[in-house]
There are 4 protein chains.
Amino acid sequence: MSINKVILVGNLGKDPELRYTPSGAPVATFSLATSERYKDRNGEQQEKTEWHNIVAWRQLAEICGKYLHKGKQVYIEGKIQTRKYQDRDGNDRYITEIVADQMQMLGGRGDEGGGAGYARQSSAAPRGDQRPAAGGGQKREPSRDDFEEPPFNPDDDIPF
Amino acid sequence: MSINKVILVGNLGKDPELRYTPSGAPVATFSLATSERYKDRNGEQQEKTEWHNIVAWRQLAEICGKYLHKGKQVYIEGKIQTRKYQDRDGNDRYITEIVADQMQMLGGRGDEGGGAGYARQSSAAPRGDQRPAAGGGQKREPSRDDFEEPPFNPDDDIPF
Amino acid sequence: MSINKVILVGNLGKDPELRYTPSGAPVATFSLATSERYKDRNGEQQEKTEWHNIVAWRQLAEICGKYLHKGKQVYIEGKIQTRKYQDRDGNDRYITEIVADQMQMLGGRGDEGGGAGYARQSSAAPRGDQRPAAGGGQKREPSRDDFEEPPFNPDDDIPF
Amino acid sequence: MSINKVILVGNLGKDPELRYTPSGAPVATFSLATSERYKDRNGEQQEKTEWHNIVAWRQLAEICGKYLHKGKQVYIEGKIQTRKYQDRDGNDRYITEIVADQMQMLGGRGDEGGGAGYARQSSAAPRGDQRPAAGGGQKREPSRDDFEEPPFNPDDDIPF
DNA sequence: TTTT
DNA sequence: TTTT
């Protein structure tokens with residue numbers, strides 16, 4: 001009954017940090033900058049930068065930890081989450097983070113080891129399985145009533 | 001290196017059609033209306049309706065076939081796909097569709113059997129498994145360096 | 001070179017507050033709830049609610065102040081912004097808000113005065129002008145090389 | 001009561017075409033490629049490319065015509081629109097296009113004249129005015145109850 | 001027709 | 001703390 005979606009394209013301020021929960025779940029965190037440019041009243045070019053706290057879990061955490069680095073331009077899709085914590089004096093504090101479920105490397109023309117790529121956090125899948133998916137197979141020409149099946153479902157012939 | 005994302009909120013023009021490929025993969029199709037309102041030059045309220053061809057596969061297809069119906073308001077997230085087909089005269093024709101990977105029922109205040117709900121097509125998961133995910137577990141109070149783990153990953157205690 | 005976009009569908013926790021800057025700019029603020037449902041390890045239905053601080057300016061602020069109310073379901077599009085402030089003890093605190101640039105009323109079948117509607121904050125326009133746009137005019141049948149012009153640009157005949 | 005939103009990151013297949021309606025409204029059209037990569041059943045890397053017909057109007061058309069070119073990577077935000085036309089034989093045909101309302105140049109590190117930038121099509125504004133917006137002004141330190149006003153609204157002091 |  |  002509700003939607004909570006964030007789409008960001010920005011640059012990492014630092015290398016990601018990859019850590020693990022006691023039970024072994026990988027968590028990557030990094031900060032991502034987005035910038036707005038505008039002209040002030042004197043007509044001078046100004047820039048305002050926003051810093052986003054990104055959190056990625058499991059398979060996506062590992063991909064972030066492995067491939068992302070300071071300065072890298074990425075597309076992030078996820079949701080907003082605010083969590084409460086106590087500071088040293090025991091007062092309630094809040095921090096807002098973006099829990100990523102998709103990450104797409106952008107830019108990186110030749111200057112990158114491996115170049116651009118895409119990763120998705122399957123929210124329902126048991127942790128661990130996030131292979132880029134099988135797919136393909138021989139395709140006949142589509143006819144009027146065909147639906148072309150997505151690549152990741154290779155065994156099916158379409159009946160209409 | 002690229003993003004193809006569609007977000008729609010609209011109403012179904014008819015009940016969905018649920019069909020199966022020869023190998024047994026479910027496919028649901030339906031048309032979804034979105035409308036723009038505007039005032040014409042005479043100041044009269046006008047409306048322009050856009051019809052979208054929605055296609056859902058596998059688990060999401062079954063959910064659509066089961067819960068959606070004519071008039072229902074839904075949120076759809078997916079990608080644009082244009083496929084080619086031959087018409088009766090053998091000429092190439094093209095049709096553009098939205099391949100859904102998320103669907104969220106909206107509205108439906110009491111007038112619905114089951115009310116609103118959410119479903120996601122995991123792009124990587126082997127077809128079939130799309131249970132709404134386990135989750136929860138006993139939670140201690142988060143501390144300064146906590147990250148609250150998503151509900152679907154219940155076994156992990158967070159170490160920071 | 002960057003994108004900062006948020007899309008929310010949720011319900012207002014309270015009526016909006018509409019205030020004005022000294023120079024007369026309207027600002028509306030309200031909190032918006034989005035909820036995730038999931039099954040815990042015992043198979044019981046659980047719900048996690050996220051509260052978002054929404055800020056709207058100018059024309060959009062006035063529309064929000066006038067038409068929204070506690071419980072109303074809305075679509076919000078905007079950007080994430082974190083601002084710093086000092087608490088009573090002079091310590092730096094941060095709060096993250098969603099600066100809305102589009103708002104769309106959802107749901108509200110008959111129970112609303114005026115029903116659903118749409119509003120957009122033009123980022124470049126001088127404050128004040130946000131009429132739903134003129135448009136329309138007599139339309140001839142589009143031909144092969146037509147582009148149908150958007151409704152808000154009524155004077156143009158399309159030359160191709 | 002409905003949402004029709006498309007978000008694309010892709011590359012131009014050709015230079016844009018910039019044309020004008022009889023009344024002088026600029027229209028830019030170009031095709032944009034998005035690609036999905038996947039592994040087929042033999043584990044071989046495959047790619048599927050989707051071509052999108054992009055249409056931009058007025059100020060945004062001119063910016064596209066001026067700054068975009070074949071191969072350029074861009075972010076496009078807009079809506080889906082299907083229009084009907086008659087082919088040479090008088091049969092009804094349909095074409096689906098993305099009517100852009102935002103465009104953001106991506107990538108382009110050093111190899112571009114002018115580099116990356118951002119442009120928005122104000123849907124309500126009279127055609128023509130799309131200057132990147134004034135803004136800024138001297139800012140005092142925000143206090144607990146401040147809202148930082150957007151840069152494009154320079155005259156206002158915030159009263160809370 | 002693009003890009004990696 | 002990034003990027004252009």
# chains A, B, ... in the order shown; residues from 1 in each chain; ligands from 1
>>> closest_atom_pairs(of="region 6-54 of chain D", to="region 60-78 of chain A", cutoff="12 Å", atoms="only C-alpha atoms", output="CSV")
residue,atom,partner,partner_atom,distance
D:Ile7,CA,A:Glu77,CA,11.6
D:Leu8,CA,A:Tyr75,CA,11.2
D:Val9,CA,A:Tyr75,CA,9.3
>>> select_by_dssp(residues="region 13-120 of chain A", states="alpha helix (DSSP H)", output="PyMOL selection string")
chain A and resi 58-67
>>> residues_around(residues="Arg93 (chain D)", least_positions_apart="2", cutoff="6 Å", atoms="only C-alpha atoms (C1' of nucleotides)", output="number ranges by chain")
D: 84-86
>>> write_last_selection(atoms="C-alpha atoms", output="CSV table (one decimal), in the first residue's frame")
chain,number,residue,atom,x,y,z
D,84,LYS,CA,-1.5,6.7,-33.7
D,85,TYR,CA,-0.7,7.5,-37.2
D,86,GLN,CA,-1.8,6.2,-40.6
>>> residues_around(residues="Met1 (chain B)", least_positions_apart="6", cutoff="9 Å", atoms="only C-alpha atoms (C1' of nucleotides)", output="list in words")
Gln104, Met105, Leu106, Gly107, Gly115, Ala116, Gly117 and Tyr118 of chain A; Val9, Gly10, Thr34, Ser35 and Glu36 of chain D; DT3 and DT4 of chain E
>>> closest_atom_pairs(of="chain A", to="chain F", cutoff="7 Å", atoms="only C-alpha atoms (C1' of nucleotides)", output="tab-separated table")
residue	atom	partner	partner_atom	distance
A:Asn11	CA	F:DT2	C1'	4.9
A:Leu12	CA	F:DT2	C1'	5.3
A:Gly13	CA	F:DT1	C1'	4.2
A:Lys14	CA	F:DT1	C1'	5.9
A:Ala33	CA	F:DT2	C1'	5.6
A:Gly71	CA	F:DT2	C1'	5.2
>>> write_last_selection(atoms="N, CA, C and O atoms", output="short mmCIF file (atom, residue, chain, number, x, y, z; two decimals), in the first residue's frame")
data_model
loop_
_atom_site.label_atom_id
_atom_site.label_comp_id
_atom_site.auth_asym_id
_atom_site.auth_seq_id
_atom_site.Cartn_x
_atom_site.Cartn_y
_atom_site.Cartn_z
N ASN A 11 28.76 10.23 -6.99
CA ASN A 11 30.13 9.73 -6.87
C ASN A 11 30.47 9.39 -5.43
O ASN A 11 30.09 10.11 -4.51
N LEU A 12 31.22 8.30 -5.26
CA LEU A 12 31.63 7.90 -3.92
C LEU A 12 32.66 8.87 -3.35
O LEU A 12 33.64 9.21 -4.01
N GLY A 13 32.43 9.25 -2.10
CA GLY A 13 33.37 10.14 -1.44
C GLY A 13 34.62 9.43 -0.95
O GLY A 13 35.67 10.06 -0.78
N LYS A 14 34.49 8.16 -0.70
CA LYS A 14 35.58 7.32 -0.21
C LYS A 14 35.37 5.90 -0.72
O LYS A 14 34.29 5.57 -1.20
N ALA A 33 27.95 11.34 -3.15
CA ALA A 33 27.67 12.76 -3.34
C ALA A 33 26.82 12.99 -4.56
O ALA A 33 27.09 12.45 -5.64
N GLY A 71 35.42 8.10 -5.72
CA GLY A 71 35.32 8.84 -6.97
C GLY A 71 34.45 8.19 -8.03
O GLY A 71 33.98 8.86 -8.94
#
>>> select_by_dssp(residues="region 33-104 of chain A", states="strand (DSSP E or B)", output="MDAnalysis selection string")
chainID A and resid 33:39 45:57 73:86 92:104
>>> closest_residue(among="D:Trp57, D:Trp51, D:Tyr94, D:Tyr38", to="chain A", atoms="only C-alpha atoms")
D:Tyr38
>>> closest_residue(among="C:Asp101, C:Glu50, C:Asp87, C:Asp92", to="chain A", atoms="only C-alpha atoms")
C:Glu50
>>> residues_around(residues="Ala28 (chain D)", least_positions_apart="6", cutoff="6 Å", atoms="only C-alpha atoms (C1' of nucleotides)", output="PDB file with C-alpha atoms, in the first residue's frame")
ATOM      1  CA  GLU D  17      17.321  15.961 -34.943  1.00  0.00           C
ATOM      2  CA  LEU D  18      16.075  19.415 -34.086  1.00  0.00           C
ATOM      3  CA  VAL D  55      11.080  13.458 -27.920  1.00  0.00           C
ATOM      4  CA  ALA D  56      11.935  16.758 -26.267  1.00  0.00           C
ATOM      5  CA  ALA D  61      14.754  20.437 -27.345  1.00  0.00           C
TER       6      ALA D  61
END
